[in-house]
$ cat final-v4.tsv   # TSV, C-alpha atoms
chain	number	residue	atom	x	y	z
A	1	MET	CA	14.58	-7.30	18.49
A	2	GLU	CA	14.96	-10.42	16.34
A	3	ASN	CA	18.21	-11.91	15.06
A	4	GLY	CA	19.66	-9.90	12.21
A	5	GLY	CA	18.33	-6.66	13.65
A	6	ARG	CA	14.71	-7.18	12.56
A	7	ASN	CA	12.01	-5.95	14.88
A	8	ALA	CA	9.24	-8.57	15.07
A	9	VAL	CA	6.64	-5.89	15.89
A	10	ILE	CA	7.33	-4.14	12.58
A	11	ASP	CA	7.04	-7.45	10.69
A	12	ILE	CA	3.81	-8.33	12.50
A	13	SER	CA	2.43	-4.85	11.74
A	14	LYS	CA	3.22	-5.38	8.06
A	15	GLY	CA	1.61	-8.81	8.23
A	16	LEU	CA	-1.57	-7.32	9.67
A	17	GLY	CA	-1.38	-4.56	7.07
A	18	ILE	CA	-1.15	-6.90	4.07
A	19	ILE	CA	-4.13	-8.89	5.35
A	20	MET	CA	-6.05	-5.62	5.56
A	21	VAL	CA	-5.04	-4.83	1.97
A	22	ILE	CA	-6.50	-8.14	0.81
A	23	ALA	CA	-9.63	-7.52	2.89
A	24	GLY	CA	-9.99	-4.01	1.47
A	25	HIS	CA	-9.87	-5.37	-2.07
A	26	LEU	CA	-12.59	-7.94	-1.33
A	27	LEU	CA	-15.01	-6.11	0.96
A	28	CYS	CA	-17.96	-4.16	-0.33
A	29	PRO	CA	-17.14	-0.39	-0.38
A	30	GLN	CA	-20.45	0.27	1.38
A	31	SER	CA	-19.43	-1.78	4.42
A	32	TYR	CA	-18.17	-0.14	7.61
A	33	LEU	CA	-15.21	-2.51	7.83
A	34	TYR	CA	-14.08	-1.43	4.36
A	35	GLY	CA	-14.23	2.25	5.36
A	36	PHE	CA	-12.42	1.60	8.63
A	37	ILE	CA	-9.57	-0.21	6.85
A	38	TYR	CA	-9.22	2.44	4.17
A	39	THR	CA	-8.88	5.11	6.84
A	40	PHE	CA	-5.32	4.02	7.57
A	41	HIS	CA	-4.05	0.83	5.92
A	42	MET	CA	-1.84	2.42	3.22
A	43	PRO	CA	-0.55	5.22	5.49
A	44	LEU	CA	0.46	2.35	7.82
A	45	PHE	CA	2.74	0.86	5.15
A	46	LEU	CA	4.17	4.27	4.28
A	47	PHE	CA	4.89	4.98	7.95
A	48	LEU	CA	6.62	1.60	8.38
A	49	ALA	CA	8.61	2.11	5.15
A	50	GLY	CA	9.90	5.38	6.57
A	51	TYR	CA	10.54	3.77	9.95
A	52	VAL	CA	12.99	1.24	8.50
A	53	MET	CA	14.72	3.81	6.26
A	54	SER	CA	18.44	4.02	6.94
A	55	ASP	CA	20.52	7.21	7.12
A	56	LYS	CA	23.12	5.62	4.84
A	57	TYR	CA	20.89	6.36	1.82
A	58	LEU	CA	21.22	10.08	2.55
A	59	ARG	CA	24.94	9.74	1.87
A	60	SER	CA	25.19	7.02	-0.77
A	61	GLY	CA	22.00	7.77	-2.67
A	62	ILE	CA	18.74	5.86	-2.97
A	63	SER	CA	19.26	4.01	-6.25
A	64	LYS	CA	19.65	0.68	-4.42
A	65	ARG	CA	16.14	1.14	-3.01
A	66	ILE	CA	14.57	2.43	-6.22
A	67	TYR	CA	15.90	0.07	-8.89
A	68	PRO	CA	14.54	-3.17	-7.34
A	69	LEU	CA	11.11	-1.54	-7.10
A	70	LEU	CA	11.27	-0.44	-10.74
A	71	LEU	CA	12.15	-4.00	-11.74
A	72	CYS	CA	9.18	-5.34	-9.77
A	73	TYR	CA	6.90	-2.75	-11.35
A	74	ALA	CA	7.99	-3.68	-14.89
A	75	GLU	CA	7.74	-7.42	-14.23
A	76	ILE	CA	4.27	-7.28	-12.69
A	77	CYS	CA	3.04	-5.03	-15.52
A	78	LEU	CA	4.29	-7.63	-18.00
A	79	ALA	CA	2.67	-10.43	-16.02
A	80	GLY	CA	-0.56	-8.41	-15.89
A	81	PHE	CA	-0.44	-7.99	-19.67
A	82	LEU	CA	-0.13	-11.75	-20.07
A	83	PHE	CA	-2.94	-12.22	-17.56
A	84	VAL	CA	-5.23	-10.03	-19.68
A	85	LEU	CA	-4.46	-12.21	-22.68
A	86	VAL	CA	-5.81	-15.18	-20.71
A	87	VAL	CA	-8.80	-13.24	-19.32
A	88	PRO	CA	-9.90	-11.24	-22.40
A	89	ASN	CA	-11.10	-7.67	-22.12
A	90	GLY	CA	-13.66	-6.74	-24.73
A	91	GLY	CA	-13.48	-3.05	-23.88
A	92	PHE	CA	-9.72	-2.54	-24.15
A	93	SER	CA	-7.41	-3.03	-27.08
A	94	VAL	CA	-4.52	-5.18	-25.87
A	95	ASN	CA	-1.38	-4.13	-27.74
A	96	VAL	CA	2.18	-3.06	-27.03
A	97	LYS	CA	1.40	0.65	-27.48
A	98	ASN	CA	-1.34	0.59	-24.85
A	99	VAL	CA	0.82	-1.40	-22.46
A	100	LEU	CA	3.70	1.04	-22.75
A	101	SER	CA	1.55	4.18	-22.54
A	102	MET	CA	-0.61	3.10	-19.59
A	103	CYS	CA	2.15	1.39	-17.60
A	104	PHE	CA	5.28	3.43	-18.30
A	105	VAL	CA	3.97	6.84	-19.36
A	106	MET	CA	0.85	7.39	-17.27
A	107	PHE	CA	1.76	4.91	-14.48
A	108	MET	CA	-1.86	3.71	-14.57
A	109	PRO	CA	-1.76	-0.04	-15.34
A	110	GLU	CA	-5.29	-0.67	-13.99
A	111	VAL	CA	-6.40	-2.21	-17.28
A	112	PHE	CA	-3.91	-5.04	-16.75
A	113	PHE	CA	-5.16	-6.01	-13.28
A	114	CYS	CA	-2.23	-4.01	-11.89
A	115	GLY	CA	-3.91	-0.95	-10.41
A	116	HIS	CA	-2.36	-1.80	-7.05
A	117	LEU	CA	1.06	-0.91	-8.48
A	118	TRP	CA	0.31	2.74	-7.70
A	119	PHE	CA	1.98	2.04	-4.34
A	120	ILE	CA	5.28	1.06	-5.99
A	121	MET	CA	5.51	4.32	-7.95
A	122	VAL	CA	4.45	6.37	-4.94
A	123	LEU	CA	7.02	4.63	-2.73
A	124	ILE	CA	9.73	5.41	-5.29
A	125	MET	CA	8.72	9.09	-5.26
A	126	CYS	CA	8.72	9.07	-1.45
A	127	PHE	CA	12.32	7.79	-1.53
A	128	MET	CA	13.22	10.68	-3.83
A	129	LEU	CA	11.50	13.24	-1.62
A	130	PHE	CA	13.17	11.69	1.43
A	131	PHE	CA	16.60	12.11	-0.13
A	132	VAL	CA	15.98	15.74	-1.13
A	133	VAL	CA	14.20	16.90	2.03
A	134	ASN	CA	16.53	15.29	4.56
A	135	ASN	CA	19.68	16.40	2.77
A	136	MET	CA	18.29	19.91	2.53
A	137	PHE	CA	17.08	20.11	6.14
A	138	LYS	CA	19.32	18.50	8.74
A	139	ASN	CA	17.08	19.77	11.52
A	140	ARG	CA	14.26	17.26	12.21
A	141	LEU	CA	11.76	20.02	12.92
A	142	PHE	CA	12.44	21.57	9.53
A	143	SER	CA	12.18	18.25	7.67
A	144	ALA	CA	8.88	17.55	9.43
A	145	GLY	CA	7.69	21.03	8.46
A	146	ALA	CA	8.69	20.37	4.85
A	147	ALA	CA	6.60	17.18	4.82
A	148	VAL	CA	3.60	19.13	6.14
A	149	VAL	CA	4.08	21.84	3.49
A	150	ILE	CA	4.27	19.20	0.73
A	151	PHE	CA	1.07	17.63	2.08
A	152	ALA	CA	-0.65	21.04	2.13
A	153	ALA	CA	0.49	21.71	-1.43
A	154	ALA	CA	-1.11	18.42	-2.51
A	155	MET	CA	-4.36	19.46	-0.85
A	156	LEU	CA	-4.32	22.78	-2.71
A	157	PHE	CA	-3.37	21.04	-5.95
A	158	LYS	CA	-6.40	18.80	-5.65
A	159	ARG	CA	-8.81	21.58	-4.81
A	160	LEU	CA	-7.66	23.66	-7.79
A	161	ASP	CA	-8.36	20.63	-10.01
A	162	ALA	CA	-4.95	21.19	-11.55
A	163	TYR	CA	-5.10	18.15	-13.81
A	164	ALA	CA	-8.07	19.61	-15.69
A	165	VAL	CA	-5.59	21.04	-18.19
A	166	ILE	CA	-4.63	17.55	-19.40
A	167	GLY	CA	-6.93	17.25	-22.39
A	168	ASN	CA	-10.18	15.43	-21.82
A	169	LEU	CA	-8.71	12.46	-19.97
A	170	ARG	CA	-9.97	13.75	-16.61
A	171	PHE	CA	-7.58	11.61	-14.59
A	172	ASP	CA	-7.56	12.64	-10.94
A	173	ASP	CA	-3.88	11.93	-10.51
A	174	PRO	CA	-1.90	10.69	-13.50
A	175	TRP	CA	1.77	9.94	-12.73
A	176	ARG	CA	0.78	9.64	-9.01
A	177	ILE	CA	2.56	12.89	-8.15
A	178	CYS	CA	-0.18	14.26	-5.92
A	179	THR	CA	-0.62	10.91	-4.19
A	180	ALA	CA	3.12	10.82	-3.49
A	181	MET	CA	2.98	14.31	-1.98
A	182	VAL	CA	0.22	13.16	0.37
A	183	SER	CA	2.00	9.89	1.15
A	184	PHE	CA	5.34	11.50	1.95
A	185	LEU	CA	3.91	12.95	5.16
A	186	PHE	CA	3.52	9.44	6.61
A	187	PHE	CA	6.84	8.23	5.19
A	188	GLU	CA	8.79	11.15	6.69
A	189	PHE	CA	7.04	10.96	10.04
A	190	GLY	CA	7.80	7.23	10.13
A	191	TYR	CA	11.48	8.07	9.61
A	192	LEU	CA	11.35	10.71	12.36
A	193	ALA	CA	9.54	8.28	14.67
A	194	LYS	CA	12.44	5.86	14.21
A	195	LYS	CA	14.85	8.59	15.28
A	196	ASN	CA	12.96	8.71	18.58
A	197	GLY	CA	12.51	4.94	18.84
A	198	ILE	CA	8.73	5.25	19.18
A	199	ILE	CA	7.86	1.61	18.41
A	200	GLU	CA	10.64	0.34	20.68
A	201	LYS	CA	9.33	2.54	23.49
A	202	ILE	CA	5.83	1.09	23.05
A	203	GLN	CA	7.33	-2.41	23.22
A	204	GLN	CA	8.94	-1.59	26.55
A	205	LYS	CA	5.59	-0.65	28.09
A	206	SER	CA	3.26	-3.14	29.76
A	207	ALA	CA	0.60	-5.18	27.97
A	208	VAL	CA	-2.02	-3.07	29.72
A	209	PHE	CA	-0.57	0.07	28.13
A	210	SER	CA	-0.58	-1.56	24.67
A	211	ALA	CA	-4.20	-2.68	25.12
A	212	PHE	CA	-5.17	0.83	26.24
A	213	LEU	CA	-3.34	2.38	23.28
A	214	LEU	CA	-5.07	-0.06	20.91
A	215	CYS	CA	-8.54	0.83	22.23
A	216	VAL	CA	-7.96	4.60	22.18
A	217	CYS	CA	-6.47	4.54	18.68
A	218	ALA	CA	-9.26	2.29	17.40
A	219	ALA	CA	-11.84	4.76	18.74
A	220	LEU	CA	-10.03	7.70	17.10
A	221	THR	CA	-9.79	5.80	13.81
A	222	ALA	CA	-13.51	5.04	13.89
A	223	PHE	CA	-14.19	8.70	14.68
A	224	ALA	CA	-12.10	9.80	11.68
A	225	PHE	CA	-14.02	7.42	9.42
A	226	TYR	CA	-17.33	8.67	10.83
A	227	ILE	CA	-16.39	12.28	10.01
A	228	ASN	CA	-14.65	11.82	6.64
A	229	LYS	CA	-16.24	8.57	5.42
A	230	VAL	CA	-13.99	6.66	2.99
A	231	VAL	CA	-10.78	8.50	2.09
A	232	ASN	CA	-8.95	6.72	-0.72
A	233	ILE	CA	-5.63	8.46	-1.25
A	234	VAL	CA	-5.08	6.36	-4.37
A	235	GLN	CA	-7.82	7.13	-6.87
A	236	ASN	CA	-9.04	10.53	-5.74
A	237	VAL	CA	-5.98	11.52	-3.75
A	238	PHE	CA	-8.30	13.27	-1.33
A	239	PRO	CA	-12.08	13.81	-1.50
A	240	LEU	CA	-12.95	17.49	-1.57
A	241	ASN	CA	-15.41	17.16	1.30
A	242	ALA	CA	-12.91	15.42	3.60
A	243	ASN	CA	-11.14	17.22	6.43
A	244	PRO	CA	-7.31	16.91	6.05
A	245	ALA	CA	-6.70	17.15	9.80
A	246	ILE	CA	-9.20	14.37	10.51
A	247	PHE	CA	-7.60	12.28	7.76
A	248	ILE	CA	-4.18	12.68	9.39
A	249	LEU	CA	-5.66	11.84	12.80
A	250	GLY	CA	-7.33	8.68	11.47
A	251	SER	CA	-4.22	7.57	9.57
A	252	PHE	CA	-1.84	7.89	12.50
A	253	SER	CA	-4.41	6.48	14.95
A	254	GLY	CA	-4.91	3.42	12.78
A	255	THR	CA	-1.16	3.03	12.38
A	256	PHE	CA	-0.51	3.03	16.13
A	257	MET	CA	-3.56	0.84	16.72
A	258	THR	CA	-1.91	-1.75	14.44
A	259	VAL	CA	1.46	-1.36	16.16
A	260	ALA	CA	-0.17	-1.81	19.58
A	261	ALA	CA	-1.95	-4.93	18.32
A	262	ALA	CA	1.38	-6.23	16.98
A	263	VAL	CA	3.02	-5.70	20.39
A	264	LEU	CA	0.30	-7.81	22.01
A	265	LEU	CA	0.36	-10.49	19.30
A	266	GLU	CA	4.16	-10.77	19.59
A	267	LYS	CA	3.60	-12.60	22.86
A	268	ILE	CA	1.59	-15.37	21.12
A	269	GLY	CA	4.17	-17.63	19.51
A	270	VAL	CA	2.16	-19.23	16.68
A	271	ILE	CA	0.51	-15.98	15.60
A	272	LYS	CA	3.80	-14.10	15.87
A	273	LYS	CA	5.53	-16.59	13.59
A	274	ALA	CA	2.78	-16.56	10.95
A	275	LEU	CA	2.28	-12.80	10.86
A	276	SER	CA	6.04	-12.14	10.88
A	277	LYS	CA	6.47	-14.30	7.78
A	278	TYR	CA	3.62	-12.48	6.07
A	279	GLY	CA	5.17	-9.18	7.06
A	280	GLN	CA	8.61	-10.10	5.76
A	281	LYS	CA	7.04	-11.06	2.43
A	282	SER	CA	4.46	-8.26	2.36
A	283	LEU	CA	5.84	-6.72	-0.85
A	284	GLN	CA	5.69	-10.02	-2.76
A	285	ILE	CA	2.17	-10.64	-1.46
A	286	TYR	CA	1.11	-7.13	-2.39
A	287	LEU	CA	2.44	-7.54	-5.93
A	288	THR	CA	0.56	-10.79	-6.59
A	289	GLN	CA	-2.64	-10.77	-4.48
A	290	ASN	CA	-4.72	-8.74	-6.93
A	291	TRP	CA	-4.98	-11.49	-9.56
A	292	PHE	CA	-6.34	-14.03	-7.07
A	293	ILE	CA	-8.85	-11.47	-5.79
A	294	VAL	CA	-10.06	-10.75	-9.33
A	295	LEU	CA	-10.38	-14.47	-10.13
A	296	TYR	CA	-12.22	-15.12	-6.87
A	297	SER	CA	-14.63	-12.24	-7.55
A	298	ILE	CA	-15.25	-13.47	-11.08
A	299	LEU	CA	-15.87	-17.00	-9.76
A	300	CYS	CA	-18.35	-15.82	-7.12
A	301	ILE	CA	-20.22	-13.25	-9.19
A	302	ASN	CA	-20.20	-14.67	-12.71
A	303	VAL	CA	-19.94	-18.44	-12.24
A	304	LEU	CA	-21.32	-19.47	-8.86
A	305	LYS	CA	-23.71	-16.48	-8.54
A	306	VAL	CA	-23.10	-16.40	-4.79
A	307	GLY	CA	-21.88	-13.90	-2.26
A	308	ILE	CA	-23.11	-10.87	-4.21
A	309	ASP	CA	-23.99	-7.80	-2.14
A	310	SER	CA	-27.32	-6.66	-3.56
A	311	GLN	CA	-26.91	-3.22	-1.94
A	312	ALA	CA	-23.89	-2.38	-4.10
A	313	PRO	CA	-24.07	-1.83	-7.86
A	314	LEU	CA	-21.95	-4.24	-9.88
A	315	THR	CA	-19.55	-2.85	-12.45
A	316	THR	CA	-18.07	-4.36	-15.59
A	317	TYR	CA	-14.31	-4.69	-15.44
A	318	LEU	CA	-12.34	-6.33	-18.23
A	319	GLY	CA	-15.48	-7.87	-19.68
A	320	PHE	CA	-16.72	-9.33	-16.38
A	321	GLN	CA	-18.87	-8.20	-13.52
A	322	THR	CA	-16.41	-7.96	-10.69
A	323	GLY	CA	-14.94	-5.62	-8.10
A	324	ALA	CA	-15.22	-5.41	-4.33
A	325	TYR	CA	-18.93	-6.08	-4.13
A	326	LEU	CA	-19.11	-9.29	-2.11
A	327	THR	CA	-21.05	-9.98	1.06
A	328	LEU	CA	-19.06	-10.17	4.29
A	329	PRO	CA	-19.10	-14.02	4.50
A	330	ALA	CA	-17.96	-14.34	0.88
A	331	ALA	CA	-15.25	-11.72	1.45
A	332	LEU	CA	-14.00	-13.47	4.60
A	333	ILE	CA	-13.76	-16.79	2.74
A	334	GLY	CA	-11.87	-14.98	-0.02
A	335	ILE	CA	-9.42	-13.47	2.46
A	336	VAL	CA	-8.61	-16.91	3.89
A	337	LEU	CA	-8.22	-18.44	0.40
A	338	VAL	CA	-6.00	-15.65	-0.93
A	339	CYS	CA	-3.80	-15.69	2.19
A	340	ALA	CA	-3.40	-19.46	1.85
A	341	LEU	CA	-2.61	-19.24	-1.89
A	342	GLU	CA	0.02	-16.58	-1.28
A	343	ILE	CA	2.24	-19.01	0.66
A	344	PRO	CA	3.34	-21.07	-2.40
A	345	VAL	CA	3.04	-18.04	-4.72
A	346	VAL	CA	5.56	-16.06	-2.66
A	347	LYS	CA	8.01	-18.99	-2.84
A	348	LEU	CA	7.53	-19.13	-6.62
A	349	PHE	CA	8.02	-15.37	-6.83
A	350	ASP	CA	11.28	-15.58	-4.89
A	351	ILE	CA	12.80	-18.28	-7.11
A	352	THR	CA	11.78	-16.51	-10.36
A	353	PHE	CA	11.48	-12.73	-10.20
A	354	GLY	CA	13.40	-12.60	-6.93
A	355	ARG	CA	16.47	-14.38	-8.28
A	356	LEU	CA	16.29	-12.47	-11.56
A	357	ASN	CA	16.20	-9.15	-9.73
A	358	LYS	CA	19.12	-10.10	-7.50
A	359	TYR	CA	21.14	-11.04	-10.59
A	360	ILE	CA	20.30	-7.76	-12.36
A	361	MET	CA	21.13	-5.74	-9.25
A	362	SER	CA	24.44	-7.60	-8.82
A	363	LEU	CA	25.40	-6.66	-12.38
A	364	TYR	CA	24.45	-3.05	-11.66
A	365	ASN	CA	26.43	-2.94	-8.41
A	366	ASN	CA	29.51	-4.53	-10.01
A	367	LYS	CA	29.39	-2.04	-12.87
A	368	LYS	CA	29.02	0.84	-10.42
A	369	GLU	CA	32.06	-0.28	-8.43
A	370	GLU	CA	34.30	-0.49	-11.51
$ encode --input "final-v4.tsv" --output "C-alpha cells"
Amino acid sequence: MENGGRNAVIDISKGLGIIMVIAGHLLCPQSYLYGFIYTFHMPLFLFLAGYVMSDKYLRSGISKRIYPLLLCYAEICLAGFLFVLVVPNGGFSVNVKNVLSMCFVMFMPEVFFCGHLWFIMVLIMCFMLFFVVNNMFKNRLFSAGAAVVIFAAAMLFKRLDAYAVIGNLRFDDPWRICTAMVSFLFFEFGYLAKKNGIIEKIQQKSAVFSAFLLCVCAALTAFAFYINKVVNIVQNVFPLNANPAIFILGSFSGTFMTVAAAVLLEKIGVIKKALSKYGQKSLQIYLTQNWFIVLYSILCINVLKVGIDSQAPLTTYLGFQTGAYLTLPAALIGIVLVCALEIPVVKLFDITFGRLNKYIMSLYNNKKEE
C-alpha cells in the first residue's frame, strides 16, 4: 500500500488498462490483438472503479462522485465541438441544436470525436445503481444476485430489440441504459471483491503464483475471444450470437490477468513509477486520447498514405478516411506517440479543466453545507 492509502497495483492496473484503450482505438478490428483487448479492457476499468468505491457514499449519497464526471462530460463535449470546427465534417451540420441533442439528450457525441464519453455516462449510471442496490440489499449475496439479474435483464432487452420502437433511428443503445446494466455487473463485483480484499490477497502471494495466475487467466481470456469473437459492450451492448457466460468469463479472466501482471510489474521500480502515474491520471488520459488518435489516423491514411491495413475496409468519418484500420507497426508507433503526448496534455488538463472543476465543486459543497 502506497502513502495516502493508494494501492500501487490498482494504479498500475489502470495504467495498463489505459494503454490498452489507446491500443484498441488504433488497432485494426480484424486483428487478434484488438479482439483480445476488447474481451476485457472496459470491464477491467469498471471492476477497478467498483473496487475503490467507498461505503461512505451509501450514507452520504453519490453526488460528489457524479457531478465531477458530469462536468468533465460537458467540457469534453464542448471541446469536441470546437475540434469539429477545426476539422470540418461535410456530412454533419455543426450547430448548437445538434450539439445539445446528440450530447445531452441522446448521450451520443460520436460526431464530435467524443464517442469514448459513453464510459462517463455509464459510470455515472453505475454509481446510481450502486447506491440503490447496496442500500436495498445489505446482504452481499443479495446485492451480487441483483447485479446478475440486472445483467440478465440487459441481455433480454437486447434480444427483444427493445429500441426498435424509437422511430427509424435504429440506435442500438441510446442513453446507454442497456450498456450500464451490463457494466454494473463488473462494477458491483469489483466492490464486493474489495470487501474480501481480493487484490491485496493476490499481492501477498508469491511471484510464482502471480505468474501462474497471469498465464491461466490469459489462456481463459483467449478462449473467450475464440468462442465469442469481438464483444463490444459499447456500440452493440452485446452481439446476439455471443454467449453471455463466456463473455463474463473472458472479462473477469482478463481483469485478473491484468492485476496479476500489475503485481509482477510492481517489483520493477521504473515501470511501476511510470504505470502508476498513468493509472492515477487514467481518467484525464481517457478523456483526451481520442483526438490524438483521430489526428494520427488522418495523418497516416490521408496524408502520408502509410500504415493502411489493406485487409480492412476504410470508412469515411467526419469527411476523412479514418478509424482503427492501421497495420500493427503503424498502430504500435501511434500508441507510443499518443502515450508520450498525453504527459504534457494531462498537465494542461489539470491546470485548466481540473482547477475549474475543483472551483465549481467547492462552490457546490459550500452551498450544500449552508
$ atom_distance --input "final-v4.tsv" --atom1 "CA of Val336 in chain A" --atom2 "CA of Thr288 in chain A"
15.2 Å
$ atom_distance --input "final-v4.tsv" --atom1 "CA of Ser206 in chain A" --atom2 "CA of Ile18 in chain A"
26.3 Å
$ atom_distance --input "final-v4.tsv" --atom1 "CA of Pro244 in chain A" --atom2 "CA of Ser31 in chain A"
22.3 Å
$ residues_around --input "final-v4.tsv" --residues "Lys194 in chain A" --least-positions-apart "5" --cutoff "8 Å" --atoms "all atoms listed in the file" --output "number ranges by chain"
A: 51-52, 199
$ closest_residue --input "final-v4.tsv" --among "A:Ala262, A:Met53, A:Lys201, A:Asn365" --to "Gly279 in chain A" --atoms "all atoms listed in the file"
A:Ala262
$ residues_around --input "final-v4.tsv" --residues "range 256-260 of chain A" --least-positions-apart "6" --cutoff "7 Å" --atoms "only C-alpha atoms" --output "PyMOL selection string"
chain A and resi 9+13+210-211+213-214+217-218
$ axis_aligned_box --input "final-v4.tsv" --around "range 118-122 of chain A" --padding-each-side "6 Å" --output "AutoDock Vina command-line options"
--center_x 2.9 --center_y 3.7 --center_z -6.1 --size_x 17.2 --size_y 17.3 --size_z 15.6
$ residues_around --input "final-v4.tsv" --residues "range 72-83 of chain A" --least-positions-apart "4" --cutoff "10 Å" --atoms "all atoms listed in the file" --output "short mmCIF file (atom, residue, chain, number, x, y, z; two decimals) with C-alpha atoms, in the frame of the given file"
data_model
loop_
_atom_site.label_atom_id
_atom_site.label_comp_id
_atom_site.auth_asym_id
_atom_site.auth_seq_id
_atom_site.Cartn_x
_atom_site.Cartn_y
_atom_site.Cartn_z
CA TYR A 67 15.90 0.07 -8.89
CA PRO A 68 14.54 -3.17 -7.34
CA VAL A 87 -8.80 -13.24 -19.32
CA PRO A 88 -9.90 -11.24 -22.40
CA VAL A 94 -4.52 -5.18 -25.87
CA ASN A 95 -1.38 -4.13 -27.74
CA VAL A 96 2.18 -3.06 -27.03
CA VAL A 99 0.82 -1.40 -22.46
CA LEU A 100 3.70 1.04 -22.75
CA MET A 102 -0.61 3.10 -19.59
CA CYS A 103 2.15 1.39 -17.60
CA PHE A 104 5.28 3.43 -18.30
CA PHE A 107 1.76 4.91 -14.48
CA PRO A 109 -1.76 -0.04 -15.34
CA GLU A 110 -5.29 -0.67 -13.99
CA VAL A 111 -6.40 -2.21 -17.28
CA PHE A 112 -3.91 -5.04 -16.75
CA PHE A 113 -5.16 -6.01 -13.28
CA CYS A 114 -2.23 -4.01 -11.89
CA GLY A 115 -3.91 -0.95 -10.41
CA LEU A 117 1.06 -0.91 -8.48
CA TRP A 118 0.31 2.74 -7.70
CA PHE A 119 1.98 2.04 -4.34
CA ILE A 120 5.28 1.06 -5.99
CA MET A 121 5.51 4.32 -7.95
CA LEU A 283 5.84 -6.72 -0.85
CA GLN A 284 5.69 -10.02 -2.76
CA LEU A 287 2.44 -7.54 -5.93
CA THR A 288 0.56 -10.79 -6.59
CA ASN A 290 -4.72 -8.74 -6.93
CA TRP A 291 -4.98 -11.49 -9.56
CA PHE A 353 11.48 -12.73 -10.20
CA GLY A 354 13.40 -12.60 -6.93
CA ASN A 357 16.20 -9.15 -9.73
#
$ closest_residue --input "final-v4.tsv" --among "A:Lys14, A:Lys138, A:Pro29, A:Met20" --to "Leu58 in chain A" --atoms "all atoms listed in the file"
A:Lys138
$ closest_residue --input "final-v4.tsv" --among "A:Asp173, A:Ala146, A:Tyr32, A:Met128" --to "Ile62 in chain A" --atoms "all atoms listed in the file"
A:Met128
$ residues_near_point --input "final-v4.tsv" --point "(18.1, 2.6, -4.2)" --cutoff "12 Å" --atoms "only C-alpha atoms" --output "list in words"
Met53, Ser54, Lys56, Tyr57, Leu58, Arg59, Ser60, Gly61, Ile62, Ser63, Lys64, Arg65, Ile66, Tyr67, Pro68, Leu69, Leu70, Leu71, Leu123, Ile124, Met125, Cys126, Phe127, Met128, Phe130, Phe131, Met361, Tyr364 and Asn365 of chain A
$ closest_residue --input "final-v4.tsv" --among "A:Ser253, A:Ser276, A:Thr327, A:Ser143" --to "Ser297 in chain A" --atoms "all atoms listed in the file"
A:Thr327
